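Enquirer: Right, I'll just put the structure down here and ask away after.
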Amino acid sequence: MRVVLHPIAALKSSTRALVACGRELGVSALMGLLLIAAPVAGPAAAQQAGEQAGFGGNILPNRKIDPNQKMLVTADQMEYDFQKETVAAVGNVQIYYDGSTLEANRVVLDRKANLLRAVGNVRLKDKDGKVVTAENLELTQDFKQGFIDSLRLDTPDKTHFAAVRADRTEGNVTVFQNGVYTACEPCRDDPTRPPLWQIKAKRIIHNQDERMIYYENATVEFFGLPVAYFPYLSSPDPTVKRKTGFLMPEFFSSSQIGYAVGAPFFWNVAPDRDLTLTPVITTKQGALMQGEWRQRLLNGSYSIRAAGIIQQDKNAFITTNTITGLPDYLPGYRDNRGAIETKGNFAINQFWSFGWDGTLASDRTFLRDYNLAGDTQTDKTSTVYLTGQGDRSYFDLRGLYFLGMSVTDDQDRIPIVGTLNYSKVFDKPLWGGESGIKVNLTSLTREDADFLGTSNLWSSPGATGIPTGSCTLLNPNPQQCLLRGAPGDYTRLSAELYWKKTVTDSWGQMWTPFVTARVDVASVNVDPLPYSYMYGATLPGQNPLQSGSDDLIRAMPAIGLDYRYPFISAENWGTQTIEPRAQIIIRPNETDIGAFPNEDAQSLVFDDTNLFEINKYSGYDRVEGGSRANVGVSYAANIRGFGTLSALVGQSYSLFGQNSFAYGDMANTGLESGLETGASDYIARLGYSPTQNLEFISRFRFDNDNMSLQRFELQGRTSIDRLGVSVTYGRYEPQPLLGYYEMREGVYTTAAYKLTDYWTLSGGLRYNIAQSEFDYTLVGLSYIDDCFTFAVNYITDYTINGPGGDPVNKVMLRIGLRTLGEGGFSTSFGSSASDGTGTPQ
């Protein structure tokens with residue numbers, strides 16, 4: 001007997017029947033029939049959606065169903081077969097239950113077999129967003145066993161799975177027959193096209209207790225073409241952020257180590273800690289072992305990484321000197337090599353934190369030789385620090401150790417440094433203005449003096465970067481040699497108080513009086529320097545550092561006034577602003593010039609950025625003295641349809657007293673800077689931006705006497721459609737007293753062109769125009785989308801091995817598959833520079 005139940009009279013105007021399961025179920029016999037179906041059909045649909053929703057969670061999660069939840073069933077008609085004991089919803093079926101939705105052409109409840117079956121265009125969406133699409137779907141009452149034919153799973157994390165059949169047993173294992181997995185979205189224009197990458201396997205097994213996916217007879221395909229076969233492959237499901245197992249392998253090679261492959265193994269020790277062990281097998285040097293421990297605590301985290309190797313062929317690090325024909329030994333010429341790196345950061349409270357980042361290595365090139373450092377990194381800075389940040393104050397205490405990683409570095413010439421910096425703006429205004437304090441404490445020690453030659457004759461560098469000829473440690477001459485770093489110990493404490501206030505009068509003129517007072521106290525212990533350096537003939541203004549111990553103190557009070565008067569004009573073509581500015585500073589002469597080692601104030605560049613600085617030196621070891629006037633005028637225009645234009649021109653004058661910049665120190669800082677004369681060189685800046693995507697900025701320095709160009713820089717950037725370009729050009733006249741004995745001229749440019757929305761071609765080069773040669777080139781190709789990343793770069797760098805050293809050529813390849821991991825390959829080739837000593841290091 002077959003009974004067909006059509007829509008009730010009240011819904012005859014609609015083509016669909018609505019039946020609500022809940023407390024209204026007892027209203028009629030029809031509702032009673034649906035009550036029979038509801039306890040199985042609703043929970044089964046909701047449960048199956050969660051359980052079969054794929055790799056974004058448990059494929060068939062066993063979540064509890066609330067029996068008190070209402071079910072809403074809509075269909076074109078309901079059918080009940082009393083003999084077969086089946087209830088069917090037919091035509092555009094939709095079942096809503098406990099946040100899940102089941103859609104199908106037909107849904108049948110078989111009470112005898114205790115099964116729920118959905119047939120035709122089945123789509124099941126769980127409450128957490130997982131979606132299952134299939135042609136047929138069946139579930140038993142306990143939901144632990146079932147299968148789906150012509151299955152497709154789409155998860156909220158955008159992973160996708162398709163299979164001919166899926167079987168579930170034991171409530172925790174699902175087996176997909178002839179399955180396909182990918183984390184790529186289907187092509188919008190042609191969904192039938194293969195995704196960018198996918199894994200096809202004869203069997204894919206998901207064990208939800210282990211949260212692992214296993215692939216049997218798997219093939220990795222790109223653009224539908226097979227590229228790799230694995231008889232067995234496994235990966236954690238995408239919801240697992242940290243899972244014990246092997247990571248993507250790494251490959252690299254070089255002339256000294258041969259070919260190398262690393263197989264990282266990740267051990268998820270606990271939710272707050274993990275360990276990664278990476279054995280690396282090399283064809284020339286044997287096995288390198290490295291491990292990294294990471295742990296997160298309540299107030300921070302730390303990590304420790306160690307690597308070591310017993311080299312099998314240290315002779316690979318011997319080269320032949322091209323001049324003498326004798327063997328030269330690279331730093332890697334040793335049996336045992338290794339390094340330890342650690343870093344950490346911890347919050348003491350909301351204001352204070354401390355941490356460290358340290359590296360210790362057996363030799364300076366170990367990390368680069370074994371691909372454990374940055375691609376072009378030439379140094380490592382180790383530091384331990386304590387920092388504090390308030391609303392109007394800042395504190396930073398740190399120790400610094402610099403590891404030179406280039407073949408040309410000499411660690412004895414690199415200092416160990418400790419610094420303290422503190423600044424505070426006082427809360428209460430003083431006489432209506434801003435006041436505050438700045439404190440700096442610097443302490444450093446260095447084993448050997450670091451000399452630099454100032455002419456071709458005296459500065460021909462060996463491979464170590466140590467000038468030959470007169471600028472060796474044996475016989476340096478102050479006329480041809482600069483002391484870039486002093487041997488011995490040096491400690492200096494500097495404190496500066498300041499006050500300033502800006503007043504604008506009725507005419508719009510801006511007056512800013514200011515007062516500063518700085519005191520420097522230092523303890524100097526300079527190890528013995530060569531007699532020829534300390535007492536050799538010097539040029540006017542030179543003050544070579546003297547050996548010995550001394551306690552020094554100097555004070556530098558200053559008072560001054562800064563004046564600005566902006567004129568603004570608004571026209572129909574746009575707006576323009578002209579602002580004359582003048583600054584006068586009254587202060588005494590700088591004392592003890594040359595007695596204080598200059599370690600942090602050597603990079604003095606006079607341009608528009610420091611024209612109106614009270615102290616133009618870049619650090620604390622020098623302080624500007626003598627009264628000075630700084631003047632200039634700036635112009636800015638915003639022109640409709642033509643963009644913006646800005647310009648500045650200015651000059652600085654030594655009024656009375658001693659001009660600090662006319663007196664050099666151990667590094668001759670200040671000499672040939674453009675500030676050493678009574679009237680300084682002219683400086684200028686010109687910038688133009690016709691659109692938001694195009695900008696030019698140029699800076700000039702002209703000689704005060706003959707207006708010859710002493711320094712010129714031009715920077716430009718543009719973004720046109722898919723093309724982005726940045727260019728920097730520089731031209732600098734010789735400054736022999738500073739170690740630049742030839743004109744320097746070069747250009748550095750980078751560019752990137754988006755071939756498509758995903759493919760980008762990039763490049764960069766640095767061309768030394770004065771030497772007529774390239775010293776850095778880069779060519780790269782990259783692809784980035786939501787499921788796949790690819791990048792390949794070729795780099796040639798002539799600077800890593802120092803002046804006269806051979807270039808380092810490197811090819812780097814990185815590939816990343818979303819949810820599966822990232823791996824890469826790099827290779828270095830071309831000879832390395834020797835250390836120039838002819839003896840093992």
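Following the order of the structure tokens, chains are lettered A, B, ..., residues in each are numbered from 1, and ligands are numbered from 1.
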Hey, what's within 10 Å of Thr777 of chain A if we count only C-alpha atoms and toss same-chain stuff fewer than 4 positions away? As a ChimeraX atom specification, please?

Expert: /A:748-750,763-767,794-798,809

Enquirer: Please write the residues from the selection above to a file, keeping N, CA and C atoms, as a PDB file, in the first residue's frame.

Expert:
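Contents of selection_23.pdb, as written:
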```
ATOM      1  N   TYR A 748      71.993  52.215  -8.623  1.00  0.00           N
ATOM      2  CA  TYR A 748      71.368  50.997  -8.111  1.00  0.00           C
ATOM      3  C   TYR A 748      69.885  51.058  -8.448  1.00  0.00           C
ATOM      4  N   THR A 749      69.387  50.002  -9.057  1.00  0.00           N
ATOM      5  CA  THR A 749      67.999  50.011  -9.479  1.00  0.00           C
ATOM      6  C   THR A 749      67.356  48.674  -9.195  1.00  0.00           C
ATOM      7  N   THR A 750      66.096  48.710  -8.864  1.00  0.00           N
ATOM      8  CA  THR A 750      65.283  47.510  -8.712  1.00  0.00           C
ATOM      9  C   THR A 750      64.012  47.697  -9.520  1.00  0.00           C
ATOM     10  N   GLY A 763      64.023  42.202 -10.648  1.00  0.00           N
ATOM     11  CA  GLY A 763      65.460  42.286 -10.882  1.00  0.00           C
ATOM     12  C   GLY A 763      66.054  43.464 -10.152  1.00  0.00           C
ATOM     13  N   GLY A 764      67.357  43.422 -10.005  1.00  0.00           N
ATOM     14  CA  GLY A 764      68.071  44.523  -9.376  1.00  0.00           C
ATOM     15  C   GLY A 764      69.520  44.500  -9.808  1.00  0.00           C
ATOM     16  N   LEU A 765      70.129  45.666  -9.905  1.00  0.00           N
ATOM     17  CA  LEU A 765      71.552  45.717 -10.238  1.00  0.00           C
ATOM     18  C   LEU A 765      72.165  46.976  -9.646  1.00  0.00           C
ATOM     19  N   ARG A 766      73.421  46.848  -9.344  1.00  0.00           N
ATOM     20  CA  ARG A 766      74.217  47.985  -8.886  1.00  0.00           C
ATOM     21  C   ARG A 766      75.426  48.082  -9.799  1.00  0.00           C
ATOM     22  N   TYR A 767      75.564  49.225 -10.445  1.00  0.00           N
ATOM     23  CA  TYR A 767      76.637  49.423 -11.420  1.00  0.00           C
ATOM     24  C   TYR A 767      77.566  50.517 -10.935  1.00  0.00           C
ATOM     25  N   TYR A 794      68.439  34.530  -8.874  1.00  0.00           N
ATOM     26  CA  TYR A 794      69.861  34.381  -9.190  1.00  0.00           C
ATOM     27  C   TYR A 794      70.560  35.657  -8.762  1.00  0.00           C
ATOM     28  N   ILE A 795      71.575  35.518  -7.898  1.00  0.00           N
ATOM     29  CA  ILE A 795      72.272  36.678  -7.334  1.00  0.00           C
ATOM     30  C   ILE A 795      73.767  36.559  -7.604  1.00  0.00           C
ATOM     31  N   THR A 796      74.349  37.669  -8.033  1.00  0.00           N
ATOM     32  CA  THR A 796      75.802  37.789  -8.121  1.00  0.00           C
ATOM     33  C   THR A 796      76.213  38.990  -7.284  1.00  0.00           C
ATOM     34  N   ASP A 797      77.071  38.742  -6.265  1.00  0.00           N
ATOM     35  CA  ASP A 797      77.462  39.797  -5.347  1.00  0.00           C
ATOM     36  C   ASP A 797      78.983  39.826  -5.231  1.00  0.00           C
ATOM     37  N   TYR A 798      79.580  40.982  -5.581  1.00  0.00           N
ATOM     38  CA  TYR A 798      81.027  41.152  -5.520  1.00  0.00           C
ATOM     39  C   TYR A 798      81.493  41.725  -4.187  1.00  0.00           C
ATOM     40  N   ASN A 809      78.147  33.756  -6.504  1.00  0.00           N
ATOM     41  CA  ASN A 809      76.973  33.523  -7.334  1.00  0.00           C
ATOM     42  C   ASN A 809      76.065  32.531  -6.620  1.00  0.00           C
TER      43      ASN A 809
END
```

Enquirer: Give me, as a VMD selection string, all polymer residues having an atom no more than 10 Å from segment 531-537 of chain A, counting only C-alpha atoms and skipping those fewer than 3 positions away in the same chain.

Expert: chain A and resid 470 to 471 473 to 483 528 540 542 to 547

Enquirer: Provide the atom CA of Asn336 of chain A to atom CA of Gln312 of chain A distance in Å, to one decimal place.

Expert: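 For atom CA of Asn336 of chain A relative to atom CA of Gln312 of chain A, the distance reads 9.4 Å.
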
Enquirer: Residues of segment 644-734 of chain A within 12 Å of segment 485-494 of chain A: nearest atom pair and distance (Å, one decimal) for each, counting only C-alpha atoms, sorted by chain and number, as CSV?

Expert:
```
residue,atom,partner,partner_atom,distance
A:Asp665,CA,A:Ala486,CA,11.6
A:Met666,CA,A:Ala486,CA,8.5
A:Ala667,CA,A:Gly485,CA,8.5
```

Enquirer: Once you have the residues from the selection above, write them out as a short mmCIF file (atom, residue, chain, number, x, y, z; two decimals), in the first residue's frame, restricted to N, CA, C and O atoms.

Expert:
```cif
data_model
loop_
_atom_site.label_atom_id
_atom_site.label_comp_id
_atom_site.auth_asym_id
_atom_site.auth_seq_id
_atom_site.Cartn_x
_atom_site.Cartn_y
_atom_site.Cartn_z
N ASP A 665 89.23 64.17 13.91
CA ASP A 665 89.59 63.29 15.01
C ASP A 665 90.35 62.11 14.42
O ASP A 665 90.96 62.21 13.36
N MET A 666 90.36 60.98 15.09
CA MET A 666 91.11 59.82 14.59
C MET A 666 90.61 59.36 13.23
O MET A 666 91.35 58.75 12.46
N ALA A 667 89.33 59.63 12.90
CA ALA A 667 88.78 59.24 11.61
C ALA A 667 88.60 60.44 10.68
O ALA A 667 87.98 60.32 9.62
#
```

Enquirer: Which residue, A:Ile416, A:Ile340, A:Leu723, A:Val407, has the smallest gap to Arg368 of chain A when you use only C-alpha atoms?

Expert: A:Val407

Enquirer: Within 6 Å of Leu645 of chain A, counting only C-alpha atoms, which residues show up once you throw out same-chain ones fewer than 2 positions away? Write them as a list in words, please.

Expert: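 After dropping sequence-adjacent residues, the list is Ala636, Ala637, Gly687 and Tyr688 of chain A.
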
Enquirer: Kindly give the distance, in Å, that separates atom CA of Pro331 of chain A and atom CA of Lys284 of chain A, rounded to a single decimal.

Expert: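 Atom CA of Pro331 of chain A sits 16.8 Å away from atom CA of Lys284 of chain A.
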
Enquirer: Which residues are close to Ser435 of chain A, i.e. within 12 Å by only C-alpha atoms, leaving aside same-chain residues fewer than 4 positions away? Reply as a ChimeraX atom specification.

Expert: /A:392,423-431,496-501,514-517

Enquirer: Put those residues in a file: C-alpha atoms, as an mmCIF file, in the first residue's frame.

Expert:
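The file below, selection_34.cif, is the result:
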```
data_model
loop_
_atom_site.group_PDB
_atom_site.id
_atom_site.type_symbol
_atom_site.label_atom_id
_atom_site.label_comp_id
_atom_site.auth_asym_id
_atom_site.auth_seq_id
_atom_site.Cartn_x
_atom_site.Cartn_y
_atom_site.Cartn_z
ATOM 1 C CA ARG A 392 56.682 59.987 27.462
ATOM 2 C CA SER A 423 64.970 59.726 26.958
ATOM 3 C CA LYS A 424 62.083 61.426 28.686
ATOM 4 C CA VAL A 425 59.839 64.377 27.936
ATOM 5 C CA PHE A 426 58.870 65.967 31.243
ATOM 6 C CA ASP A 427 55.169 65.841 32.031
ATOM 7 C CA LYS A 428 54.761 69.425 33.156
ATOM 8 C CA PRO A 429 55.523 72.270 30.709
ATOM 9 C CA LEU A 430 58.388 74.523 31.721
ATOM 10 C CA TRP A 431 57.692 78.211 30.962
ATOM 11 C CA GLU A 496 71.663 66.368 27.734
ATOM 12 C CA LEU A 497 68.869 68.590 29.037
ATOM 13 C CA TYR A 498 66.798 70.609 26.576
ATOM 14 C CA TRP A 499 63.974 73.146 26.486
ATOM 15 C CA LYS A 500 62.130 74.680 23.538
ATOM 16 C CA LYS A 501 58.963 76.625 22.863
ATOM 17 C CA PHE A 514 65.729 76.751 22.707
ATOM 18 C CA VAL A 515 68.319 75.900 25.328
ATOM 19 C CA THR A 516 70.435 72.763 25.615
ATOM 20 C CA ALA A 517 73.096 71.668 28.074
#
```

Enquirer: Excluding Leu196 of chain A and any residue of its chain fewer than 4 positions from it, enumerate the residues within 8 Å of it, using only C-alpha atoms, and give them as a PyMOL selection string.

Expert: chain A and resi 184+222-224+788

Enquirer: Filtering to N, CA and C atoms, could you give me those residues as a CSV table (one decimal), in the first residue's frame?

Expert:
```csv
chain,number,residue,atom,x,y,z
A,184,CYS,N,43.7,24.3,-3.8
A,184,CYS,CA,43.6,25.4,-4.7
A,184,CYS,C,42.1,25.5,-5.1
A,222,PHE,N,51.0,19.1,-11.4
A,222,PHE,CA,50.9,20.5,-11.6
A,222,PHE,C,50.3,20.8,-13.0
A,223,PHE,N,49.2,21.6,-12.9
A,223,PHE,CA,48.5,21.9,-14.2
A,223,PHE,C,48.0,20.6,-14.9
A,224,GLY,N,47.7,19.6,-14.1
A,224,GLY,CA,47.2,18.3,-14.6
A,224,GLY,C,48.3,17.4,-15.1
A,788,PHE,N,49.6,28.3,-3.6
A,788,PHE,CA,50.9,27.9,-4.1
A,788,PHE,C,51.8,29.1,-4.2
```
